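Dropping input.txt in here (compact mmCIF, C-alpha atoms):
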# COMPACT_ATOMS: atom_id res chain seq x y z
CA MET A 1205 80.69 97.46 62.60
CA ALA A 1206 83.57 95.38 63.93
CA ALA A 1207 85.00 98.46 65.58
CA VAL A 1208 81.69 99.15 67.30
CA TRP A 1209 81.56 95.62 68.69
CA SER A 1210 85.12 95.66 69.91
CA ARG A 1211 84.30 98.89 71.71
CA VAL A 1212 81.25 97.29 73.30
CA CYS A 1213 83.42 94.35 74.38
CA LEU A 1214 85.95 96.78 75.78
CA VAL A 1215 83.34 98.57 77.87
CA ILE A 1216 81.95 95.28 79.17
CA SER A 1217 85.36 93.91 80.04
CA LEU A 1218 86.25 97.21 81.74
CA ILE A 1219 83.18 96.86 83.95
CA VAL A 1220 83.86 93.20 84.70
CA PHE A 1221 87.51 93.66 85.48
CA SER A 1222 87.14 96.87 87.38
CA SER A 1223 84.74 95.16 89.78
CA SER A 1224 87.21 92.36 90.40
CA VAL A 1225 90.05 94.73 91.13
CA THR A 1226 89.99 95.79 94.74
CA ALA A 1227 91.05 99.37 95.12
CA HIS A 1228 91.85 100.27 98.68
CA GLY A 1229 90.19 103.58 99.34
CA VAL A 1230 89.91 105.01 95.88
CA ASP A 1231 87.04 104.01 93.63
CA ASP A 1232 87.48 102.28 90.29
CA ALA A 1233 86.65 105.23 88.09
CA THR A 1234 89.31 107.28 89.87
CA ARG A 1235 91.70 104.38 89.52
CA GLN A 1236 91.08 104.24 85.78
CA PHE A 1237 91.79 107.93 85.59
CA LEU A 1238 94.94 107.79 87.70
CA GLN A 1239 96.41 105.09 85.51
CA SER A 1240 95.75 106.93 82.28
CA ILE A 1241 97.15 110.35 83.14
CA GLU A 1242 100.32 111.74 81.72
CA GLY A 1243 101.85 114.91 83.09
CA ALA A 1244 100.32 117.48 85.40
CA ALA A 1245 96.58 117.32 86.02
CA ILE A 1246 96.01 119.96 88.69
CA ALA A 1247 92.22 120.19 88.87
CA PRO A 1248 91.58 116.41 88.94
CA PHE A 1249 94.12 115.90 91.72
CA LEU A 1250 92.71 118.81 93.70
CA TYR A 1251 89.32 117.16 93.42
CA ILE A 1252 90.53 113.66 94.35
CA GLY A 1253 92.32 115.07 97.40
CA ALA A 1254 89.28 117.07 98.53
CA LYS A 1255 86.91 114.15 97.92
CA HIS A 1256 89.17 111.77 99.81
CA MET A 1257 89.09 114.05 102.85
CA VAL A 1258 85.36 114.86 102.75
CA THR A 1259 84.45 111.17 102.38
CA GLY A 1260 87.30 109.93 104.61
CA TYR A 1261 85.47 109.08 107.83
CA ASP A 1262 88.71 108.05 109.54
CA HIS A 1263 90.28 111.51 109.16
CA LEU A 1264 86.98 113.20 110.00
CA LEU A 1265 86.36 111.18 113.19
CA PHE A 1266 89.85 112.10 114.38
CA LEU A 1267 89.18 115.78 113.67
CA VAL A 1268 85.87 115.61 115.57
CA GLY A 1269 87.81 114.19 118.53
CA VAL A 1270 90.50 116.87 118.28
CA ILE A 1271 88.17 119.87 118.19
CA PHE A 1272 85.49 118.42 120.44
CA PHE A 1273 86.56 120.48 123.48
CA LEU A 1274 88.18 123.39 121.61
CA TYR A 1275 85.95 126.36 122.28
CA ARG A 1276 88.10 129.19 120.94
CA PRO A 1277 88.55 129.66 117.15
CA LYS A 1278 92.25 130.34 117.79
CA ASP A 1279 92.70 126.92 119.40
CA VAL A 1280 90.90 125.23 116.51
CA LEU A 1281 93.25 126.98 114.10
CA VAL A 1282 96.36 125.97 116.08
CA TYR A 1283 95.41 122.30 116.38
CA VAL A 1284 94.25 121.97 112.78
CA THR A 1285 97.53 123.59 111.70
CA PHE A 1286 99.50 120.98 113.66
CA PHE A 1287 97.44 118.23 112.01
CA THR A 1288 97.97 119.76 108.57
CA ILE A 1289 101.75 120.12 109.05
CA GLY A 1290 101.93 116.49 110.18
CA HIS A 1291 99.98 114.90 107.36
CA SER A 1292 101.39 117.14 104.62
CA LEU A 1293 104.96 116.25 105.64
CA THR A 1294 104.51 112.50 105.40
CA LEU A 1295 102.23 112.71 102.35
CA MET A 1296 104.89 114.58 100.38
CA LEU A 1297 107.91 112.67 101.74
CA GLY A 1298 106.16 109.31 101.48
CA VAL A 1299 105.23 109.69 97.82
CA LEU A 1300 108.38 111.50 96.67
CA ASN A 1301 110.78 109.07 98.36
CA ASN A 1302 108.62 106.07 97.55
CA ILE A 1303 108.47 105.06 101.20
CA ALA A 1304 106.59 101.77 101.37
CA VAL A 1305 104.25 101.44 104.32
CA ASN A 1306 101.60 98.78 104.60
CA PRO A 1307 98.24 100.50 103.99
CA PHE A 1308 96.40 98.15 106.40
CA ILE A 1309 98.84 98.83 109.23
CA ILE A 1310 98.77 102.57 108.64
CA ASP A 1311 94.96 102.62 108.51
CA ALA A 1312 94.87 100.60 111.74
CA ILE A 1313 97.12 103.23 113.37
CA ILE A 1314 94.76 105.94 112.08
CA GLY A 1315 91.91 103.99 113.73
CA PHE A 1316 93.97 103.88 116.93
CA SER A 1317 94.44 107.67 116.78
CA ILE A 1318 90.64 108.00 117.05
CA VAL A 1319 90.53 105.62 120.04
CA TYR A 1320 93.34 107.63 121.67
CA LYS A 1321 91.58 110.95 121.18
CA GLY A 1322 88.23 109.62 122.42
CA PHE A 1323 89.90 108.27 125.56
CA ASP A 1324 91.82 111.54 125.96
CA ASN A 1325 88.56 113.50 125.74
CA LEU A 1326 87.16 111.46 128.62
CA GLY A 1327 90.14 112.63 130.66
CA GLY A 1328 91.46 109.09 130.55
CA PHE A 1329 95.18 109.86 130.57
CA GLN A 1330 94.74 112.53 133.22
CA ARG A 1331 92.98 110.01 135.43
CA LEU A 1332 95.21 107.02 134.75
CA PHE A 1333 98.64 108.64 134.71
CA GLY A 1334 97.91 111.79 136.68
CA PHE A 1335 99.10 114.05 133.87
CA GLN A 1336 97.95 115.15 130.46
CA PRO A 1337 100.16 114.03 127.52
CA ASN A 1338 100.75 117.09 125.35
CA THR A 1339 97.73 117.29 123.08
CA LYS A 1340 99.41 119.39 120.38
CA VAL A 1341 102.30 116.94 120.07
CA ALA A 1342 99.80 114.06 119.89
CA VAL A 1343 97.92 115.77 117.04
CA LEU A 1344 101.20 116.40 115.20
CA ILE A 1345 102.40 112.80 115.59
CA PHE A 1346 99.06 111.28 114.60
CA GLY A 1347 99.00 113.80 111.74
CA LEU A 1348 102.23 112.19 110.48
CA PHE A 1349 100.48 108.80 110.38
CA HIS A 1350 97.40 110.22 108.68
CA GLY A 1351 99.78 111.62 106.02
CA PHE A 1352 101.28 108.18 105.42
CA GLY A 1353 97.71 106.95 105.01
CA LEU A 1354 97.11 109.58 102.35
CA ALA A 1355 100.42 108.67 100.69
CA THR A 1356 99.52 104.98 100.42
CA LYS A 1357 96.29 105.93 98.62
CA LEU A 1358 98.30 107.65 95.91
CA GLN A 1359 101.11 105.10 95.82
CA GLU A 1360 98.75 102.30 94.86
CA PHE A 1361 98.73 103.74 91.38
CA LYS A 1362 101.79 104.12 89.30
CA ILE A 1363 101.47 107.82 88.79
CA PRO A 1364 103.92 108.81 86.08
CA GLU A 1365 107.10 110.57 87.24
CA ASN A 1366 106.19 113.20 84.71
CA GLY A 1367 104.28 115.85 86.62
CA LEU A 1368 104.43 113.90 89.90
CA LEU A 1369 105.34 116.89 92.08
CA GLU A 1370 102.63 119.14 90.62
CA ASN A 1371 100.02 116.41 90.98
CA LEU A 1372 101.15 115.64 94.51
CA ILE A 1373 100.95 119.29 95.56
CA ALA A 1374 97.52 119.55 93.91
CA PHE A 1375 96.36 116.45 95.84
CA ASN A 1376 97.73 117.90 99.09
CA VAL A 1377 96.02 121.27 98.54
CA GLY A 1378 92.83 119.37 97.69
CA VAL A 1379 93.12 117.49 100.99
CA GLU A 1380 93.32 120.82 102.86
CA LEU A 1381 90.35 122.23 100.93
CA GLY A 1382 88.31 119.14 101.76
CA GLN A 1383 89.41 119.32 105.38
CA PHE A 1384 88.41 122.99 105.55
CA MET A 1385 84.96 122.27 104.12
CA ALA A 1386 84.39 119.33 106.45
CA LEU A 1387 85.61 121.38 109.41
CA ILE A 1388 83.07 124.12 108.74
CA PHE A 1389 80.24 121.61 109.03
CA ILE A 1390 81.70 119.94 112.12
CA LEU A 1391 82.30 123.31 113.82
CA ILE A 1392 78.81 124.61 113.07
CA ALA A 1393 77.23 121.42 114.43
CA LEU A 1394 79.46 121.39 117.51
CA SER A 1395 78.97 125.07 118.35
CA ILE A 1396 75.19 124.79 118.10
CA TRP A 1397 75.24 121.69 120.25
CA ARG A 1398 77.56 123.23 122.85
CA ARG A 1399 74.91 125.81 123.70
CA GLN A 1400 72.55 123.06 124.74
CA PRO A 1401 72.74 121.72 128.29
CA SER A 1402 72.88 118.24 126.77
CA PHE A 1403 76.43 118.80 125.48
CA LEU A 1404 78.32 117.87 128.63
CA ARG A 1405 75.86 115.13 129.47
CA PHE A 1406 76.33 113.50 126.09
CA SER A 1407 80.03 114.25 125.67
CA MET A 1408 80.80 111.03 127.51
CA ALA A 1409 78.56 109.03 125.16
CA VAL A 1410 79.96 110.73 122.05
CA ASN A 1411 83.57 110.07 123.01
CA THR A 1412 82.75 106.49 123.91
CA LEU A 1413 81.25 106.09 120.43
CA LEU A 1414 84.34 107.77 118.97
CA MET A 1415 86.52 105.18 120.69
CA SER A 1416 84.21 102.45 119.45
CA GLY A 1417 84.42 103.74 115.86
CA GLY A 1418 88.22 103.80 116.10
CA MET A 1419 88.25 100.24 117.42
CA MET A 1420 86.09 99.11 114.48
CA LEU A 1421 88.61 100.64 112.08
CA VAL A 1422 91.49 98.92 113.90
CA GLY A 1423 89.72 95.55 113.74
CA TYR A 1424 88.72 96.06 110.12
CA GLN A 1425 92.23 97.00 108.98
CA LEU A 1426 94.11 94.42 111.05
CA THR A 1427 91.85 91.68 109.65
CA GLY A 1428 92.64 92.98 106.19
CA TYR A 1429 96.34 92.85 107.02
CA LEU A 1430 96.12 89.26 108.26
CA MET A 1431 94.24 88.21 105.12
CA SER A 1432 96.50 89.94 102.59
CA MET B 395 106.68 118.57 127.83
CA THR B 396 104.94 121.01 130.11
CA PRO B 397 101.87 119.53 131.72
CA GLU B 398 98.69 120.89 130.22
CA LYS B 399 95.53 121.98 131.92
CA VAL B 400 92.46 120.05 130.95
CA ASN B 401 89.37 122.20 130.55
CA TYR B 402 86.92 119.36 130.26
CA PRO B 403 85.50 116.83 132.71
CA VAL B 404 87.88 114.11 133.85
CA GLN B 405 85.84 110.96 134.32
CA SER B 406 86.22 108.59 137.24
CA ILE B 407 88.09 105.30 136.88
CA ALA B 408 84.79 103.43 136.98
CA ALA B 409 83.30 105.62 134.24
CA LEU B 410 86.44 105.22 132.07
CA PHE B 411 86.32 101.47 132.54
CA LYS B 412 82.64 101.40 131.65
CA ALA B 413 83.17 103.62 128.57
CA THR B 414 86.05 101.45 127.31
CA ILE B 415 84.10 98.22 127.80
CA ILE B 416 81.01 99.65 126.06
CA ALA B 417 83.19 100.91 123.17
CA LEU B 418 84.82 97.49 122.84
CA VAL B 419 81.52 95.60 122.92
CA ILE B 420 79.93 97.87 120.29
CA ALA B 421 83.03 97.67 118.08
CA ALA B 422 83.29 93.89 118.38
CA THR B 423 79.58 93.43 117.67
CA VAL B 424 79.55 95.65 114.58
CA LEU B 425 82.77 94.03 113.34
CA VAL B 426 81.48 90.48 113.75
CA ILE B 427 77.95 90.91 112.45
CA ALA B 428 78.53 93.54 109.75
CA ILE B 429 82.02 94.68 108.80
CA LEU B 430 83.87 91.36 108.62
CA PRO B 431 81.10 89.52 106.68
CA ALA B 432 80.61 92.40 104.25
CA GLU B 433 84.27 93.24 103.69
CA TYR B 434 86.08 89.91 103.95
CA ASN B 435 83.40 87.19 103.92
CA ILE B 436 84.40 86.24 107.47
CA ASP B 437 81.11 85.26 109.04
CA PRO B 438 81.41 83.52 112.43
CA THR B 439 77.72 83.96 113.32
CA GLY B 440 76.36 82.89 109.93
CA LEU B 441 74.13 85.94 110.10
CA GLY B 442 76.01 87.73 107.35
CA LYS B 443 75.20 84.98 104.87
CA LYS B 444 71.58 84.88 105.97
CA VAL B 445 70.99 88.57 105.33
CA GLY B 446 73.19 88.67 102.24
CA LEU B 447 76.05 90.79 103.59
CA THR B 448 78.71 88.31 102.51
CA GLU B 449 77.67 88.95 98.89
CA LEU B 450 79.36 92.31 99.21
CA ALA B 451 82.78 90.88 100.04
CA PRO B 452 85.02 91.38 97.01
CA LYS B 453 88.41 90.63 98.47
CA GLN B 454 87.76 87.00 99.27
CA LYS B 455 86.93 86.32 95.62
CA ALA B 456 90.03 88.14 94.47
CA VAL B 457 92.24 86.16 96.85
CA VAL B 458 90.72 82.85 95.74
CA SER B 459 91.08 83.60 92.04
CA LYS B 460 94.67 84.63 92.63
CA ARG B 461 95.43 81.27 94.21
CA GLU B 462 93.67 79.43 91.39
CA SER B 463 95.57 81.37 88.80
CA LYS B 464 98.83 80.43 90.47
CA LYS B 465 98.06 76.75 90.22
CA LYS B 466 96.98 77.00 86.60
CA THR B 467 99.85 79.25 85.63
CA ALA B 468 102.45 76.74 86.67
CA GLY B 469 101.15 73.94 84.44
CA SER B 470 99.19 74.81 81.36
CA PHE B 471 100.44 76.12 78.07
CA MET B 472 98.25 78.90 76.75
CA SER B 473 97.73 80.51 73.39
CA ASP B 474 95.63 83.64 73.09
CA ARG B 475 94.74 86.33 70.65
CA VAL B 476 92.91 89.44 71.75
CA GLU B 477 91.94 92.76 70.26
CA VAL B 478 92.19 95.78 72.50
CA VAL B 479 90.72 99.11 71.40
CA ILE B 480 92.34 102.20 72.86
CA PRO B 481 90.18 105.33 72.60
CA ALA B 482 91.70 108.52 71.22
CA GLY B 483 94.04 110.21 73.67
CA LYS B 484 93.72 107.41 76.26
CA GLY B 485 95.93 104.70 77.70
CA LEU B 486 95.07 101.11 78.58
CA GLU B 487 96.74 98.17 80.26
CA TYR B 488 96.46 94.50 79.36
CA LYS B 489 98.09 92.11 81.81
CA PHE B 490 98.98 88.45 82.32
CA HIS B 491 99.90 86.61 85.47
CA LEU B 492 103.20 84.74 85.19
CA LEU B 493 105.23 82.84 87.75
CA LYS B 494 108.95 83.48 88.00
CA GLY B 495 110.78 81.87 85.10
CA SER B 496 107.62 81.25 83.04
CA PRO B 497 108.12 81.91 79.32
CA MET B 498 105.92 83.91 76.99
CA LEU B 499 106.06 84.59 73.26
CA TYR B 500 104.27 87.71 72.20
CA SER B 501 103.51 89.93 69.27
CA TRP B 502 101.25 92.89 68.88
CA ASN B 503 100.25 95.03 65.97
CA SER B 504 98.28 98.27 65.87
CA MET B 505 97.79 98.43 62.08
CA GLY B 506 100.32 101.18 61.51
CA ILE B 507 99.17 103.49 64.31
CA GLU B 508 102.18 104.50 66.38
CA LEU B 509 101.54 103.87 70.10
CA TYR B 510 103.60 104.73 73.12
CA PHE B 511 103.95 101.52 75.14
CA ASP B 512 105.48 100.30 78.35
CA PHE B 513 105.96 96.55 78.75
CA HIS B 514 106.30 96.06 82.50
CA GLY B 515 105.66 93.81 85.48
CA GLU B 516 104.42 94.24 89.03
CA PRO B 517 105.33 91.70 91.73
CA ASP B 518 102.52 89.85 93.55
CA GLY B 519 101.42 91.34 96.82
CA ASP B 520 103.12 94.64 96.20
CA THR B 521 101.09 97.62 97.31
CA THR B 522 103.70 100.32 96.89
CA GLY B 523 103.05 100.79 93.17
CA TYR B 524 106.48 99.44 92.30
CA PHE B 525 106.88 98.14 88.76
CA GLU B 526 109.73 97.11 86.51
CA SER B 527 109.81 98.27 82.90
CA TYR B 528 111.12 95.79 80.32
CA THR B 529 110.59 97.88 77.20
CA GLU B 530 109.38 101.42 76.87
CA SER B 531 109.12 102.89 73.41
CA THR B 532 106.84 103.98 70.60
CA ALA B 533 105.93 101.52 67.85
CA SER B 534 103.09 100.01 65.86
CA GLU B 535 104.36 96.43 65.87
CA VAL B 536 106.50 94.45 68.30
CA LYS B 537 107.46 90.77 68.49
CA GLY B 538 109.47 89.12 71.19
CA SER B 539 109.92 86.54 73.89
CA PHE B 540 110.02 87.03 77.61
CA LYS B 541 110.82 85.17 80.79
CA ALA B 542 109.14 86.51 83.94
CA PRO B 543 111.74 87.76 86.45
CA PHE B 544 109.30 87.39 89.38
CA ASP B 545 105.81 86.14 90.27
CA GLY B 546 103.37 88.83 89.33
CA SER B 547 101.34 90.58 86.67
CA HIS B 548 103.18 91.38 83.46
CA GLY B 549 101.88 93.17 80.44
CA TRP B 550 101.55 96.25 78.31
CA TYR B 551 100.45 99.77 78.84
CA TRP B 552 99.58 101.41 75.53
CA GLU B 553 98.84 105.03 75.01
CA ASN B 554 97.06 106.34 71.96
CA LYS B 555 98.06 109.94 71.31
CA THR B 556 96.19 110.15 68.01
CA ASN B 557 92.73 111.63 67.41
CA GLY B 558 91.06 108.34 66.54
CA PRO B 559 90.69 104.98 68.28
CA ALA B 560 93.55 102.51 67.85
CA SER B 561 93.08 98.76 67.72
CA VAL B 562 95.85 96.50 68.98
CA VAL B 563 95.85 92.79 68.17
CA LEU B 564 97.90 90.95 70.79
CA SER B 565 98.95 87.33 70.33
CA THR B 566 100.57 85.43 73.16
CA GLN B 567 101.79 81.90 73.82
CA GLY B 568 103.27 80.52 77.01
CA GLN B 569 102.62 79.61 80.60
CA TYR B 570 100.44 82.34 82.00
CA LYS B 571 96.98 83.27 83.08
CA VAL B 572 95.12 86.13 81.42
CA ILE B 573 94.33 88.99 83.76
CA GLY B 574 93.09 91.21 80.96
CA LEU B 575 92.32 94.90 80.90
CA LYS B 576 93.13 96.92 83.94
Rewrite the structure of this file - the entire thing - as structure tokens.
Amino acid sequence: MAAVWSRVCLVISLIVFSSSVTAHGVDDATRQFLQSIEGAAIAPFLYIGAKHMVTGYDHLLFLVGVIFFLYRPKDVLVYVTFFTIGHSLTLMLGVLNNIAVNPFIIDAIIGFSIVYKGFDNLGGFQRLFGFQPNTKVAVLIFGLFHGFGLATKLQEFKIPENGLLENLIAFNVGVELGQFMALIFILIALSIWRRQPSFLRFSMAVNTLLMSGGMMLVGYQLTGYLMS
Amino acid sequence: MTPEKVNYPVQSIAALFKATIIALVIAATVLVIAILPAEYNIDPTGLGKKVGLTELAPKQKAVVSKRESKKKTAGSFMSDRVEVVIPAGKGLEYKFHLLKGSPMLYSWNSMGIELYFDFHGEPDGDTTGYFESYTESTASEVKGSFKAPFDGSHGWYWENKTNGPASVVLSTQGQYKVIGLK
């Protein structure tokens, strides 16, 4: 009987404390899991990585901006590959070398990457500077920052050294799976919309909203930084 | 870098200016009336409180309680006894907040069930996941004293590798504030 009650107390206190702990980007149940693992847990990390990408509106908004004017499948593949190389590099290096970056600052930069791409899609740099900054290089560089963002999500938990590399690779592969799934939906929606005459008329509005969304993320994260 | 050809419409300066201003106004509005009240309890218009958005803000509460705990930690002498049940095959953490130099006497007993444990501390404000291990071993009973090497949360991670639940009774005395299960 005593054991039953102590278990009830445990469950209640878990609920109470988990709601007071502020996890930045990963929900409490996942946090509980991450702190209790020992050794390699491939499937769970695959899932967490995929879920993070599918539900990660910051990464998705950036991808929408990147492929907005990419009409050929080959171009989509090239740009997404640059993004993947960028974020995988810093995700792996960041976690393995324990590189400490402030999650608020990095998420603000990710927000800025969306503003940049929205402005770029309006032809902003072309108009202002008279030339187009290399778009592939931009995707690669912003990809590096997105990877640091992914790394900070994992670094918030003390994942045991035991099995770290396997779990990290699983998380990274999960991120790519999630990105692939999200991309399919974005591409289908975009390609249907492109056939409508409204596409070019609304492209200005969409990219303005993209910039606005990025600015919200910047404001949100910088406020968080100032308050932490 | 070779200049690239743009295969999409390049807007006029006026249109770019307009788009940027509209984006800024929308972003600022949403931030002020929704995001900041709901996320951080920053509510310049008072609207967030009126419609209940500020109720959502968790971080403000966490920050306040952290400050309170600091004040209390420095002064009061505490004595606690708690029973923590670790389910079969699982691990749990029980933590205390201690200021640098604060002492703590501790003992825990798991009634003969051998548990892997890691007695460790994490500095305040650290987001990198850094922690310092004080003792890492397997035992069913440990007694000791401890002086916190830095401001932060200090405590035990126990892992129960057996097939049944394990109950740990933890007694502590010293200058700290209970954080509890994590």
With all atoms listed in the file considered, list every residue of chain B at most 7 Å from chain A, as a PDB file with C-alpha atoms, in the coordinates of the input.
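Everything below was put into part_12.pdb:
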ATOM      1  CA  MET B 395     106.680 118.570 127.830  1.00  0.00           C
ATOM      2  CA  PRO B 397     101.870 119.530 131.720  1.00  0.00           C
ATOM      3  CA  GLU B 398      98.690 120.890 130.220  1.00  0.00           C
ATOM      4  CA  TYR B 402      86.920 119.360 130.260  1.00  0.00           C
ATOM      5  CA  PRO B 403      85.500 116.830 132.710  1.00  0.00           C
ATOM      6  CA  VAL B 404      87.880 114.110 133.850  1.00  0.00           C
ATOM      7  CA  GLN B 405      85.840 110.960 134.320  1.00  0.00           C
ATOM      8  CA  ILE B 407      88.090 105.300 136.880  1.00  0.00           C
ATOM      9  CA  LEU B 410      86.440 105.220 132.070  1.00  0.00           C
ATOM     10  CA  ALA B 413      83.170 103.620 128.570  1.00  0.00           C
ATOM     11  CA  THR B 414      86.050 101.450 127.310  1.00  0.00           C
ATOM     12  CA  ALA B 417      83.190 100.910 123.170  1.00  0.00           C
ATOM     13  CA  LEU B 418      84.820  97.490 122.840  1.00  0.00           C
ATOM     14  CA  ILE B 420      79.930  97.870 120.290  1.00  0.00           C
ATOM     15  CA  ALA B 421      83.030  97.670 118.080  1.00  0.00           C
ATOM     16  CA  LEU B 425      82.770  94.030 113.340  1.00  0.00           C
ATOM     17  CA  ILE B 429      82.020  94.680 108.800  1.00  0.00           C
ATOM     18  CA  LEU B 430      83.870  91.360 108.620  1.00  0.00           C
ATOM     19  CA  LYS B 453      88.410  90.630  98.470  1.00  0.00           C
ATOM     20  CA  ALA B 456      90.030  88.140  94.470  1.00  0.00           C
ATOM     21  CA  VAL B 479      90.720  99.110  71.400  1.00  0.00           C
ATOM     22  CA  LYS B 484      93.720 107.410  76.260  1.00  0.00           C
ATOM     23  CA  GLY B 485      95.930 104.700  77.700  1.00  0.00           C
ATOM     24  CA  LEU B 486      95.070 101.110  78.580  1.00  0.00           C
ATOM     25  CA  THR B 521     101.090  97.620  97.310  1.00  0.00           C
ATOM     26  CA  THR B 522     103.700 100.320  96.890  1.00  0.00           C
ATOM     27  CA  GLY B 523     103.050 100.790  93.170  1.00  0.00           C
ATOM     28  CA  LEU B 575      92.320  94.900  80.900  1.00  0.00           C
ATOM     29  CA  LYS B 576      93.130  96.920  83.940  1.00  0.00           C
TER      30      LYS B 576
END
Please enclose the listed atoms of segment 532-549 of chain B in an axis-aligned box, pad each side by 5 Å, and write out the centre and the three edge lengths in Å, rounded to one decimal, as JSON.
{"center_x": 106.5, "center_y": 94.6, "center_z": 78.1, "size_x": 20.4, "size_y": 28.8, "size_z": 34.4}
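Interatomic distance, atom CA of Val478 of chain B to atom CA of Val562 of chain B: 5.1 Å.
Relative to atom CA of Ile1396 of chain A, atom CA of Leu1381 of chain A is found at 23.0 Å.
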For this session: Using atom CA of Leu1348 of chain A and atom CA of Met1257 of chain A as the two end points, give the distance in Å to one decimal.
Result: 15.3 Å
